[in-house]
file upload07.txt (compact mmCIF, C-alpha atoms and all ligand atoms)
# COMPACT_ATOMS: atom_id res chain seq x y z
CA MET A 452 83.48 130.54 111.36
CA ARG A 453 82.61 127.94 113.97
CA VAL A 454 80.44 129.13 116.85
CA VAL A 455 80.43 127.21 120.14
CA SER A 456 78.84 128.12 123.47
CA GLY A 457 77.22 126.53 126.50
CA ILE A 458 75.04 127.15 129.49
CA GLN A 459 75.25 125.55 132.90
CA THR A 460 72.29 123.35 133.75
CA THR A 461 71.21 124.54 137.14
CA GLY A 462 68.16 126.59 138.01
CA ASN A 463 66.28 128.57 135.40
CA LEU A 464 67.23 130.32 132.23
CA HIS A 465 66.80 134.03 132.96
CA LEU A 466 66.68 137.34 131.14
CA GLY A 467 70.44 137.89 131.66
CA ASN A 468 71.21 134.61 129.90
CA TYR A 469 68.69 135.44 127.19
CA LEU A 470 69.84 138.97 126.39
CA GLY A 471 73.54 138.38 127.12
CA ALA A 472 73.95 135.10 125.28
CA ILE A 473 70.99 133.19 123.83
CA LYS A 474 69.70 136.01 121.64
CA GLN A 475 73.12 136.12 119.98
CA TRP A 476 73.20 132.35 119.61
CA VAL A 477 69.89 132.51 117.76
CA ALA A 478 71.13 135.31 115.48
CA MET A 479 74.47 133.60 114.75
CA GLN A 480 72.76 130.50 113.36
CA ASP A 481 72.70 132.26 109.99
CA GLN A 482 76.33 133.25 110.09
CA GLY A 483 78.26 130.05 110.66
CA GLU A 484 78.29 126.49 111.87
CA CYS A 485 76.88 126.54 115.41
CA LEU A 486 77.19 124.10 118.31
CA PHE A 487 75.36 124.84 121.57
CA PHE A 488 75.38 122.63 124.61
CA LEU A 489 74.03 122.16 128.10
CA ALA A 490 77.01 122.16 130.45
CA ASP A 491 75.82 119.34 132.69
CA LEU A 492 79.37 118.31 133.65
CA HIS A 493 79.99 121.85 134.84
CA ALA A 494 76.80 121.68 136.89
CA LEU A 495 78.35 118.83 138.90
CA THR A 496 80.80 121.30 140.44
CA GLY A 497 77.96 122.90 142.41
CA ASN A 498 75.55 121.33 144.84
CA VAL A 499 73.00 119.95 142.45
CA SER A 500 70.81 116.94 143.20
CA PRO A 501 70.64 114.13 140.60
CA GLN A 502 66.93 114.79 140.06
CA GLU A 503 67.45 118.51 139.64
CA LEU A 504 70.31 117.95 137.19
CA ALA A 505 68.30 115.51 135.10
CA ASN A 506 65.25 117.79 134.96
CA SER A 507 67.12 120.97 134.32
CA THR A 508 69.07 119.47 131.38
CA ILE A 509 65.82 118.72 129.56
CA GLU A 510 64.11 121.95 130.64
CA MET A 511 66.99 124.14 129.56
CA ALA A 512 67.25 122.34 126.24
CA ALA A 513 63.52 122.95 125.73
CA THR A 514 63.98 126.62 126.67
CA LEU A 515 66.75 127.03 124.10
CA ILE A 516 64.57 125.46 121.40
CA ALA A 517 61.66 127.68 122.48
CA ALA A 518 63.94 130.73 122.26
CA GLY A 519 64.81 129.93 118.63
CA ILE A 520 67.68 127.44 118.52
CA ASP A 521 66.64 125.19 115.64
CA ASP A 522 68.05 122.49 113.40
CA ARG A 523 70.56 124.85 111.81
CA SER A 524 72.46 124.29 115.09
CA THR A 525 73.79 121.21 116.84
CA LEU A 526 72.26 121.10 120.33
CA PHE A 527 73.44 118.51 122.85
CA ASN A 528 74.45 117.92 126.45
CA GLN A 529 78.14 117.89 127.27
CA ALA A 530 78.09 114.56 129.15
CA ARG A 531 77.08 112.75 125.96
CA VAL A 532 80.27 113.85 124.21
CA PRO A 533 83.10 112.28 126.24
CA ALA A 534 85.74 114.13 124.20
CA HIS A 535 85.08 117.26 126.31
CA ALA A 536 86.15 115.50 129.53
CA GLU A 537 89.01 113.64 127.82
CA LEU A 538 90.48 116.79 126.33
CA CYS A 539 89.98 118.55 129.68
CA TRP A 540 92.26 115.99 131.30
CA ILE A 541 94.95 116.57 128.69
CA LEU A 542 94.65 120.35 129.12
CA ASN A 543 94.92 119.98 132.90
CA GLY A 544 98.55 119.25 132.11
CA THR A 545 98.86 122.57 130.28
CA ALA A 546 96.89 124.93 132.55
CA ARG A 547 98.81 126.40 135.52
CA MET A 548 97.57 126.61 139.10
CA GLY A 549 98.42 130.32 139.13
CA TRP A 550 96.18 130.97 136.11
CA LEU A 551 93.22 129.23 137.72
CA ASN A 552 93.85 130.93 141.06
CA ARG A 553 93.29 134.27 139.36
CA MET A 554 89.80 133.39 138.07
CA THR A 555 87.29 135.73 139.71
CA GLN A 556 84.47 133.18 139.43
CA TRP A 557 86.57 130.67 141.38
CA LYS A 558 87.35 133.28 144.02
CA ASP A 559 83.68 134.30 144.30
CA LYS A 560 82.26 130.79 144.36
CA ALA A 561 84.84 129.25 146.68
CA GLY A 562 84.69 132.27 148.99
CA LYS A 563 86.70 131.96 152.17
CA ASN A 564 86.35 128.19 152.30
CA ARG A 565 88.85 127.22 149.59
CA GLU A 566 89.93 124.09 151.39
CA GLY A 567 86.35 122.87 151.36
CA ALA A 568 85.64 123.79 147.71
CA SER A 569 85.41 120.95 145.20
CA VAL A 570 88.38 120.29 142.94
CA GLY A 571 85.91 120.48 140.05
CA LEU A 572 85.10 124.08 140.91
CA PHE A 573 88.81 124.90 140.59
CA THR A 574 89.37 123.17 137.25
CA TYR A 575 85.98 124.33 135.91
CA PRO A 576 87.61 126.78 133.44
CA VAL A 577 89.83 124.03 131.98
CA LEU A 578 86.73 122.02 131.06
CA GLN A 579 85.30 125.21 129.59
CA ALA A 580 88.48 125.59 127.50
CA ALA A 581 88.13 121.97 126.33
CA ASP A 582 84.47 122.66 125.41
CA VAL A 583 85.45 125.19 122.80
CA LEU A 584 88.88 123.89 121.75
CA VAL A 585 87.61 120.38 121.01
CA TYR A 586 85.61 121.93 118.13
CA LYS A 587 88.33 124.42 117.14
CA ALA A 588 85.77 127.14 117.83
CA THR A 589 86.53 130.53 116.36
CA HIS A 590 83.66 132.52 117.95
CA VAL A 591 82.25 132.06 121.45
CA PRO A 592 79.16 134.19 122.18
CA VAL A 593 78.99 134.84 125.95
CA GLY A 594 78.10 137.51 128.50
CA GLU A 595 80.87 139.66 129.91
CA ASP A 596 81.17 137.50 133.05
CA GLN A 597 82.66 134.69 130.93
CA LYS A 598 85.30 136.85 129.27
CA GLN A 599 88.02 135.89 131.75
CA HIS A 600 87.33 132.18 131.22
CA LEU A 601 87.65 132.66 127.47
CA GLU A 602 90.94 134.51 127.86
CA LEU A 603 92.17 131.55 129.87
CA ALA A 604 91.06 129.23 127.06
CA ARG A 605 93.19 131.29 124.66
CA ASP A 606 96.18 131.06 127.01
CA ILE A 607 95.76 127.30 127.33
CA ALA A 608 95.43 126.90 123.54
CA ALA A 609 98.52 129.02 122.87
CA LYS A 610 100.64 127.18 125.47
CA PHE A 611 99.54 123.78 124.18
CA ASN A 612 100.38 124.74 120.59
CA THR A 613 103.82 126.03 121.67
CA ASP A 614 104.68 123.24 124.12
CA PHE A 615 103.91 120.49 121.63
CA GLY A 616 104.98 122.35 118.47
CA VAL A 617 101.62 122.01 116.76
CA GLU A 618 99.13 124.43 115.22
CA LEU A 619 96.19 122.47 116.59
CA PHE A 620 93.98 124.99 118.38
CA PRO A 621 92.90 128.30 116.85
CA LEU A 622 92.56 130.98 119.55
CA PRO A 623 88.83 131.33 120.28
CA GLU A 624 87.40 134.85 120.13
CA PRO A 625 84.91 135.83 122.85
CA PHE A 626 81.91 137.47 121.20
CA ILE A 627 80.22 139.70 123.75
CA SER A 628 76.84 141.32 123.21
CA LYS A 629 77.13 145.10 122.90
CA ALA A 630 73.50 145.61 123.86
CA ALA A 631 73.49 143.49 127.03
CA PRO A 632 76.99 142.47 128.16
CA ARG A 633 75.91 142.35 131.81
CA ILE A 634 72.29 142.46 132.93
CA MET A 635 72.06 143.27 136.61
CA SER A 636 69.81 141.98 139.40
CA LEU A 637 66.43 143.71 139.71
CA ARG A 638 67.07 144.09 143.45
CA ASP A 639 70.67 145.30 143.43
CA GLY A 640 72.29 147.26 140.60
CA SER A 641 75.76 146.16 141.67
CA ALA A 642 75.15 142.39 141.34
CA LYS A 643 74.63 140.55 138.05
CA MET A 644 71.34 138.82 137.39
CA SER A 645 72.09 135.23 138.30
CA LYS A 646 70.55 131.78 138.67
CA SER A 647 72.16 131.42 142.06
CA ASP A 648 70.68 134.57 143.65
CA PRO A 649 68.44 133.28 146.48
CA SER A 650 65.79 135.91 145.66
CA ASP A 651 63.62 134.96 142.70
CA MET A 652 62.53 138.63 142.56
CA SER A 653 66.07 139.50 141.42
CA ARG A 654 65.59 137.89 137.99
CA ILE A 655 63.04 137.35 135.24
CA ASN A 656 62.93 133.64 134.36
CA LEU A 657 61.98 132.60 130.87
CA SER A 658 59.32 130.39 132.48
CA ASP A 659 57.70 133.26 134.44
CA SER A 660 54.02 134.04 133.76
CA ASP A 661 53.00 137.44 132.35
CA GLU A 662 51.74 138.46 135.81
CA THR A 663 55.01 137.45 137.48
CA ILE A 664 57.04 139.38 134.90
CA ALA A 665 54.91 142.50 135.48
CA GLN A 666 55.14 142.12 139.25
CA LYS A 667 58.91 141.69 139.23
CA PHE A 668 59.40 144.84 137.17
CA ARG A 669 56.90 146.73 139.37
CA LYS A 670 58.91 145.78 142.46
CA ALA A 671 62.31 146.28 140.83
CA LYS A 672 64.54 148.62 142.81
CA THR A 673 64.82 152.12 141.30
CA ASP A 674 65.11 155.69 142.49
CA PRO A 675 62.59 158.55 142.65
CA GLU A 676 64.28 160.66 139.93
CA PRO A 677 62.75 160.95 136.46
CA LEU A 678 64.68 159.62 133.46
CA PRO A 679 67.31 162.04 132.11
CA ASP A 680 67.61 163.03 128.47
CA VAL A 681 71.10 161.53 128.06
CA PHE A 682 71.70 157.79 128.63
CA ASP A 683 75.23 158.35 130.00
CA ALA A 684 73.73 160.44 132.82
CA LEU A 685 72.48 157.11 134.23
CA ASP A 686 76.00 155.93 135.08
CA ALA A 687 75.53 156.94 138.71
CA ARG A 688 72.12 155.22 138.88
CA PRO A 689 72.84 151.54 138.24
CA GLU A 690 69.32 150.18 138.84
CA ALA A 691 67.77 152.78 136.51
CA LYS A 692 70.48 152.19 133.91
CA ASN A 693 69.85 148.46 134.04
CA LEU A 694 66.11 148.83 133.32
CA VAL A 695 66.79 151.13 130.36
CA THR A 696 69.41 148.67 129.08
CA ILE A 697 66.90 145.82 129.34
CA PHE A 698 64.28 147.88 127.48
CA ALA A 699 66.75 148.71 124.70
CA ALA A 700 68.02 145.12 124.36
CA LEU A 701 64.51 143.65 124.31
CA SER A 702 63.40 146.05 121.59
CA ASP A 703 66.69 146.05 119.60
CA ARG A 704 66.91 149.79 120.09
CA ASP A 705 69.71 152.10 121.03
CA PRO A 706 69.50 152.97 124.77
CA GLN A 707 69.63 156.67 123.89
CA SER A 708 66.46 156.35 121.80
CA VAL A 709 64.72 154.77 124.81
CA VAL A 710 65.84 157.67 126.99
CA ASP A 711 64.63 160.13 124.29
CA GLU A 712 61.19 158.57 124.51
CA PHE A 713 60.93 158.58 128.32
CA ALA A 714 62.99 161.66 129.28
CA GLY A 715 61.37 163.52 132.19
CA LYS A 716 59.07 160.62 133.03
CA GLY A 717 59.36 158.65 136.26
CA PHE A 718 59.51 154.90 136.78
CA GLY A 719 55.75 154.86 137.41
CA ALA A 720 55.42 155.34 133.64
CA PHE A 721 58.52 153.45 132.52
CA LYS A 722 58.02 150.20 134.41
CA PRO A 723 54.60 149.28 132.96
CA ALA A 724 55.93 149.97 129.44
CA LEU A 725 58.94 147.74 130.16
CA ALA A 726 56.72 144.99 131.57
CA ASP A 727 54.47 145.10 128.46
CA LEU A 728 57.50 144.87 126.20
CA ALA A 729 59.01 141.96 128.16
CA VAL A 730 55.70 140.09 128.13
CA ALA A 731 55.39 140.62 124.36
CA VAL A 732 58.89 139.20 123.76
CA LEU A 733 59.00 136.45 126.39
CA GLY A 734 55.34 135.32 126.38
CA PRO A 735 55.61 133.47 123.04
CA VAL A 736 58.88 131.83 124.17
CA ARG A 737 57.15 130.56 127.33
CA GLU A 738 54.19 129.26 125.33
CA ARG A 739 56.48 127.27 123.05
CA LEU A 740 58.36 126.03 126.11
CA VAL A 741 55.19 124.73 127.78
CA LYS A 742 54.30 122.78 124.62
CA LEU A 743 57.80 121.32 124.32
CA LEU A 744 57.73 120.18 127.94
CA ASP A 745 54.64 118.10 127.17
CA ASP A 746 56.95 115.78 125.28
CA ARG A 747 60.24 115.55 127.15
CA GLY A 748 61.12 112.40 125.22
CA ALA A 749 61.22 114.41 121.99
CA VAL A 750 63.60 116.94 123.56
CA ALA A 751 65.83 114.11 124.80
CA ALA A 752 65.83 112.60 121.30
CA GLU A 753 66.89 115.97 119.86
CA LEU A 754 69.82 116.06 122.31
CA ALA A 755 70.83 112.53 121.33
CA ARG A 756 70.84 113.51 117.64
CA GLY A 757 72.93 116.59 118.43
CA ALA A 758 75.39 114.51 120.45
CA ALA A 759 75.93 112.11 117.56
CA LYS A 760 76.96 115.02 115.32
CA ALA A 761 79.07 116.64 118.05
CA ASN A 762 80.91 113.37 118.76
CA ALA A 763 81.84 113.09 115.09
CA LEU A 764 83.11 116.69 114.98
CA ALA A 765 85.10 116.39 118.22
CA ALA A 766 86.80 113.06 117.48
CA PRO A 767 89.55 114.24 115.08
CA THR A 768 90.64 117.11 117.36
CA LEU A 769 90.79 114.86 120.41
CA LYS A 770 92.81 112.33 118.40
CA ALA A 771 95.24 115.01 117.25
CA ALA A 772 95.68 116.26 120.84
CA GLN A 773 96.29 112.69 122.08
CA GLN A 774 98.89 112.16 119.37
CA ALA A 775 100.54 115.51 120.08
CA VAL A 776 101.14 114.57 123.73
CA GLY A 777 102.19 111.00 122.89
CA LEU A 778 99.21 109.00 124.11
CA GLN A 779 98.91 105.62 122.40
CA VAL A 780 95.25 105.36 121.49
P1 LIG A 801 76.07 130.51 132.61
O1 LIG A 801 75.28 129.25 132.58
O2 LIG A 801 76.27 131.18 133.92
O3 LIG A 801 75.45 131.56 131.63
C1 LIG A 801 75.14 131.26 130.27
C2 LIG A 801 75.41 132.48 129.41
O4 LIG A 801 74.66 133.61 129.90
C3 LIG A 801 75.54 134.69 130.14
N1 LIG A 801 75.04 135.45 131.31
C4 LIG A 801 74.79 136.77 131.29
N2 LIG A 801 74.90 137.70 130.34
C5 LIG A 801 74.56 138.98 130.67
N3 LIG A 801 74.08 139.33 131.90
C6 LIG A 801 73.95 138.41 132.88
N4 LIG A 801 73.49 138.76 134.09
C7 LIG A 801 74.32 137.06 132.61
N5 LIG A 801 74.32 135.92 133.35
C8 LIG A 801 74.76 134.95 132.52
C9 LIG A 801 76.89 134.06 130.43
O5 LIG A 801 77.94 134.95 130.21
C10 LIG A 801 76.89 132.89 129.47
O6 LIG A 801 77.29 133.31 128.19
N6 LIG A 801 80.68 128.62 132.37
C11 LIG A 801 79.53 129.02 131.57
C12 LIG A 801 78.96 127.89 130.74
C13 LIG A 801 79.94 127.28 129.82
C14 LIG A 801 80.46 127.84 128.61
C15 LIG A 801 81.34 126.87 128.09
C16 LIG A 801 80.25 129.05 127.94
C17 LIG A 801 80.51 126.06 129.97
N7 LIG A 801 81.35 125.81 128.93
C18 LIG A 801 82.05 127.10 126.89
C19 LIG A 801 80.95 129.27 126.74
C20 LIG A 801 81.83 128.30 126.23
C21 LIG A 801 78.45 129.48 132.51
O7 LIG A 801 78.37 129.08 133.66
O8 LIG A 801 77.49 130.27 131.94
call {"tool": "encode", "arguments": {"input": "upload07.txt", "output": "structure tokens", "more": "lines below"}}
Ligand code: TYM
result
Amino acid sequence: MRVVSGIQTTGNLHLGNYLGAIKQWVAMQDQGECLFFLADLHALTGNVSPQELANSTIEMAATLIAAGIDDRSTLFNQARVPAHAELCWILNGTARMGWLNRMTQWKDKAGKNREGASVGLFTYPVLQAADVLVYKATHVPVGEDQKQHLELARDIAAKFNTDFGVELFPLPEPFISKAAPRIMSLRDGSAKMSKSDPSDMSRINLSDSDETIAQKFRKAKTDPEPLPDVFDALDARPEAKNLVTIFAALSDRDPQSVVDEFAGKGFGAFKPALADLAVAVLGPVRERLVKLLDDRGAVAAELARGAAKANALAAPTLKAAQQAVGLQV
């Protein structure tokens, strides 16, 4: 089992990233060979300033280490392993325009102004396919929003293998958290919690202070009804359902057991309990993060070590792909 996943280096790491992806990354370190990376090349497809990109690469790496990614894993930034971009170019010959046109993230991010969108935003999922295929990943732990990109990676892998008559790429399996496949915004139960939401009140950042965490949950949108005694009864109340889901995921409990505990109580009682729980889980992560950021050079050195290992692992697959398509290298 080879586990590979990445996170885009813009903005802050938030509770959606943590519960949907990072918590699984940490747990999977015991189960197989793990490679995790900062997707700094992907970040270039948005409007990110050079300074912001440089800072956020180090800060996100530090956040991942603070959250529990340790030397059982290989941690690096994508730009330091050129095989990702080289394989992406080869796979651009395999991926079809029609496939990429169907990607919902492309449609959402480009919006109405497709002509003005960057080419990188369009081919973004091909680089993502290269990210996992270059390591012959078998398991890719992601939130539900990345499922479509992973299905595309499987399609690209299968077409490449068929077109060139090789058995080079195993089909990567998306591994989606059952507890927190999609954490929603604290301000709008129909939008996912996201780095790009202009309102900071919509998300809990892993760098938020205890007071900020408590305040964000206090102000989170809910409804005046008390909690029901069956979790499924929350389907029509997305904001309430989201808070119960967060409580369950943070405490590794079944959502029904959370509802059992709070049935009949209103959000005036539930929110402070949720804030206390979040502070207890995230506070220690933030404290480790603050210490790690005192020595950014050490974090950069860790990334360089990771990249050396990743380069060695990626090289044979890239070589095989180059040979399969007839490149003389
Ligand atoms: P990114 O940076 O948006 O998110 C990183 C991880 O967090 C998950 N996630 C969520 N999970 C649950 N609820 C949410 N609200 C939520 N928001 C984010 C994402 O699903 C993801 O697992 N394109 C990717 C980065 C990437 C990648 C890859 C991932 C680049 N190459 C190769 C896997 C494999 C992205 O932008 O994720």
call {"tool": "residues_near_ligand", "arguments": {"input": "upload07.txt", "ligand": "ligand LIG 801 (chain A)", "cutoff": "8 Å", "atoms": "all atoms listed in the file", "output": "JSON list (two decimals) with C-alpha atoms, in the frame of the given file"}}
result
[["chain", "number", "residue", "atom", "x", "y", "z"],
["A", 455, "VAL", "CA", 80.43, 127.21, 120.14],
["A", 456, "SER", "CA", 78.84, 128.12, 123.47],
["A", 457, "GLY", "CA", 77.22, 126.53, 126.50],
["A", 458, "ILE", "CA", 75.04, 127.15, 129.49],
["A", 459, "GLN", "CA", 75.25, 125.55, 132.90],
["A", 460, "THR", "CA", 72.29, 123.35, 133.75],
["A", 461, "THR", "CA", 71.21, 124.54, 137.14],
["A", 465, "HIS", "CA", 66.80, 134.03, 132.96],
["A", 466, "LEU", "CA", 66.68, 137.34, 131.14],
["A", 467, "GLY", "CA", 70.44, 137.89, 131.66],
["A", 468, "ASN", "CA", 71.21, 134.61, 129.90],
["A", 469, "TYR", "CA", 68.69, 135.44, 127.19],
["A", 470, "LEU", "CA", 69.84, 138.97, 126.39],
["A", 471, "GLY", "CA", 73.54, 138.38, 127.12],
["A", 472, "ALA", "CA", 73.95, 135.10, 125.28],
["A", 473, "ILE", "CA", 70.99, 133.19, 123.83],
["A", 489, "LEU", "CA", 74.03, 122.16, 128.10],
["A", 490, "ALA", "CA", 77.01, 122.16, 130.45],
["A", 493, "HIS", "CA", 79.99, 121.85, 134.84],
["A", 575, "TYR", "CA", 85.98, 124.33, 135.91],
["A", 576, "PRO", "CA", 87.61, 126.78, 133.44],
["A", 578, "LEU", "CA", 86.73, 122.02, 131.06],
["A", 579, "GLN", "CA", 85.30, 125.21, 129.59],
["A", 580, "ALA", "CA", 88.48, 125.59, 127.50],
["A", 581, "ALA", "CA", 88.13, 121.97, 126.33],
["A", 582, "ASP", "CA", 84.47, 122.66, 125.41],
["A", 583, "VAL", "CA", 85.45, 125.19, 122.80],
["A", 591, "VAL", "CA", 82.25, 132.06, 121.45],
["A", 592, "PRO", "CA", 79.16, 134.19, 122.18],
["A", 593, "VAL", "CA", 78.99, 134.84, 125.95],
["A", 594, "GLY", "CA", 78.10, 137.51, 128.50],
["A", 595, "GLU", "CA", 80.87, 139.66, 129.91],
["A", 596, "ASP", "CA", 81.17, 137.50, 133.05],
["A", 597, "GLN", "CA", 82.66, 134.69, 130.93],
["A", 598, "LYS", "CA", 85.30, 136.85, 129.27],
["A", 600, "HIS", "CA", 87.33, 132.18, 131.22],
["A", 601, "LEU", "CA", 87.65, 132.66, 127.47],
["A", 631, "ALA", "CA", 73.49, 143.49, 127.03],
["A", 632, "PRO", "CA", 76.99, 142.47, 128.16],
["A", 633, "ARG", "CA", 75.91, 142.35, 131.81],
["A", 634, "ILE", "CA", 72.29, 142.46, 132.93],
["A", 635, "MET", "CA", 72.06, 143.27, 136.61],
["A", 636, "SER", "CA", 69.81, 141.98, 139.40],
["A", 643, "LYS", "CA", 74.63, 140.55, 138.05],
["A", 644, "MET", "CA", 71.34, 138.82, 137.39],
["A", 645, "SER", "CA", 72.09, 135.23, 138.30],
["A", 646, "LYS", "CA", 70.55, 131.78, 138.67]]
call {"tool": "closest_residue", "arguments": {"input": "upload07.txt", "among": "A:Asp746, A:Ile697, A:Thr673, A:Leu551", "to": "Gly717 (chain A)", "atoms": "only C-alpha atoms"}}
result
A:Thr673
call {"tool": "residues_around", "arguments": {"input": "upload07.txt", "residues": "Met452 (chain A)", "least_positions_apart": "6", "cutoff": "12 Å", "atoms": "only C-alpha atoms", "output": "VMD selection string"}}
result
chain A and resid 479 to 486 586 to 591 621 623 to 624
call {"tool": "closest_residue", "arguments": {"input": "upload07.txt", "among": "A:Asp614, A:Gly640, A:Asn543, A:Leu733", "to": "Ala687 (chain A)", "atoms": "all atoms listed in the file"}}
result
A:Gly640
call {"tool": "closest_residue", "arguments": {"input": "upload07.txt", "among": "A:Asn506, A:Lys670, A:Leu603, A:Asp745", "to": "Asn552 (chain A)", "atoms": "only C-alpha atoms"}}
result
A:Leu603
call {"tool": "atom_distance", "arguments": {"input": "upload07.txt", "atom1": "CA of Lys667 (chain A)", "atom2": "CA of Leu725 (chain A)"}}
result
10.9 Å
call {"tool": "atom_distance", "arguments": {"input": "upload07.txt", "atom1": "CA of Pro649 (chain A)", "atom2": "CA of Ala512 (chain A)"}}
result
23.0 Å
call {"tool": "atom_distance", "arguments": {"input": "upload07.txt", "atom1": "CA of Pro677 (chain A)", "atom2": "CA of Lys716 (chain A)"}}
result
5.0 Å
call {"tool": "residues_near_point", "arguments": {"input": "upload07.txt", "point": "(101.5, 128.0, 126.4)", "cutoff": "12 Å", "atoms": "all atoms listed in the file", "output": "PyMOL selection string"}}
result
chain A and resi 542+544-547+550+603-618+620+622
call {"tool": "residues_around", "arguments": {"input": "upload07.txt", "residues": "Ala755 (chain A)", "least_positions_apart": "6", "cutoff": "10 Å", "atoms": "only C-alpha atoms", "output": "MDAnalysis selection string"}}
result
chainID A and resid 526:528 531:532 749 761
call {"tool": "axis_aligned_box", "arguments": {"input": "upload07.txt", "around": "region 597-604 of chain A", "padding_each_side": "4 Å", "output": "lines of an AutoDock Vina configuration file"}}
result
center_x = 87.4
center_y = 133.0
center_z = 129.4
size_x = 17.5
size_y = 15.6
size_z = 12.7
call {"tool": "residues_around", "arguments": {"input": "upload07.txt", "residues": "Lys742 (chain A)", "least_positions_apart": "3", "cutoff": "12 Å", "atoms": "all atoms listed in the file", "output": "PyMOL selection string"}}
result
chain A and resi 510+513-514+516-517+735-739+745-747+749-750
call {"tool": "write_last_selection", "arguments": {"input": "upload07.txt", "atoms": "C-alpha atoms", "output": "CSV table (one decimal), keeping the file's coordinate frame"}}
result
chain,number,residue,atom,x,y,z
A,510,GLU,CA,64.1,122.0,130.6
A,513,ALA,CA,63.5,123.0,125.7
A,514,THR,CA,64.0,126.6,126.7
A,516,ILE,CA,64.6,125.5,121.4
A,517,ALA,CA,61.7,127.7,122.5
A,735,PRO,CA,55.6,133.5,123.0
A,736,VAL,CA,58.9,131.8,124.2
A,737,ARG,CA,57.2,130.6,127.3
A,738,GLU,CA,54.2,129.3,125.3
A,739,ARG,CA,56.5,127.3,123.0
A,745,ASP,CA,54.6,118.1,127.2
A,746,ASP,CA,57.0,115.8,125.3
A,747,ARG,CA,60.2,115.6,127.2
A,749,ALA,CA,61.2,114.4,122.0
A,750,VAL,CA,63.6,116.9,123.6
call {"tool": "residues_around", "arguments": {"input": "upload07.txt", "residues": "Ala772 (chain A)", "least_positions_apart": "2", "cutoff": "8 Å", "atoms": "all atoms listed in the file", "output": "ChimeraX atom specification"}}
result
/A:538,541,619,768-770,774-776
call {"tool": "closest_residue", "arguments": {"input": "upload07.txt", "among": "A:Gly748, A:Gly497, A:Gly777, A:Pro679", "to": "Gly571 (chain A)", "atoms": "all atoms listed in the file"}}
result
A:Gly497
call {"tool": "closest_residue", "arguments": {"input": "upload07.txt", "among": "A:Thr696, A:Asn463, A:Gln773, A:Thr555", "to": "Lys629 (chain A)", "atoms": "all atoms listed in the file"}}
result
A:Thr696
call {"tool": "build_atoms", "arguments": {"input": "upload07.txt", "residues": "region 712-723 of chain A", "atoms": "N, CA and C atoms", "output": "PDB file, in the coordinates of the input"}}
result
ATOM      1  N   GLU A 712      62.648 158.765 124.422  1.00  0.00           N
ATOM      2  CA  GLU A 712      61.190 158.570 124.510  1.00  0.00           C
ATOM      3  C   GLU A 712      60.664 158.853 125.923  1.00  0.00           C
ATOM      4  N   PHE A 713      61.455 158.502 126.941  1.00  0.00           N
ATOM      5  CA  PHE A 713      60.930 158.580 128.320  1.00  0.00           C
ATOM      6  C   PHE A 713      61.531 159.730 129.142  1.00  0.00           C
ATOM      7  N   ALA A 714      62.343 160.580 128.531  1.00  0.00           N
ATOM      8  CA  ALA A 714      62.990 161.660 129.280  1.00  0.00           C
ATOM      9  C   ALA A 714      61.961 162.465 130.067  1.00  0.00           C
ATOM     10  N   GLY A 715      62.268 162.707 131.345  1.00  0.00           N
ATOM     11  CA  GLY A 715      61.370 163.520 132.190  1.00  0.00           C
ATOM     12  C   GLY A 715      60.287 162.701 132.863  1.00  0.00           C
ATOM     13  N   LYS A 716      60.093 161.468 132.402  1.00  0.00           N
ATOM     14  CA  LYS A 716      59.070 160.620 133.030  1.00  0.00           C
ATOM     15  C   LYS A 716      59.679 159.793 134.156  1.00  0.00           C
ATOM     16  N   GLY A 717      58.880 159.443 135.130  1.00  0.00           N
ATOM     17  CA  GLY A 717      59.360 158.650 136.260  1.00  0.00           C
ATOM     18  C   GLY A 717      59.193 157.157 135.997  1.00  0.00           C
ATOM     19  N   PHE A 718      59.596 156.350 136.968  1.00  0.00           N
ATOM     20  CA  PHE A 718      59.510 154.900 136.780  1.00  0.00           C
ATOM     21  C   PHE A 718      58.076 154.384 136.849  1.00  0.00           C
ATOM     22  N   GLY A 719      57.169 155.226 137.417  1.00  0.00           N
ATOM     23  CA  GLY A 719      55.750 154.860 137.410  1.00  0.00           C
ATOM     24  C   GLY A 719      55.241 154.706 135.984  1.00  0.00           C
ATOM     25  N   ALA A 720      55.815 155.447 135.059  1.00  0.00           N
ATOM     26  CA  ALA A 720      55.420 155.340 133.640  1.00  0.00           C
ATOM     27  C   ALA A 720      56.294 154.329 132.905  1.00  0.00           C
ATOM     28  N   PHE A 721      57.586 154.293 133.269  1.00  0.00           N
ATOM     29  CA  PHE A 721      58.520 153.450 132.520  1.00  0.00           C
ATOM     30  C   PHE A 721      58.312 151.957 132.785  1.00  0.00           C
ATOM     31  N   LYS A 722      58.089 151.632 134.064  1.00  0.00           N
ATOM     32  CA  LYS A 722      58.020 150.200 134.410  1.00  0.00           C
ATOM     33  C   LYS A 722      56.881 149.449 133.712  1.00  0.00           C
ATOM     34  N   PRO A 723      55.658 150.017 133.668  1.00  0.00           N
ATOM     35  CA  PRO A 723      54.600 149.280 132.960  1.00  0.00           C
ATOM     36  C   PRO A 723      54.920 149.094 131.471  1.00  0.00           C
TER      37      PRO A 723
END
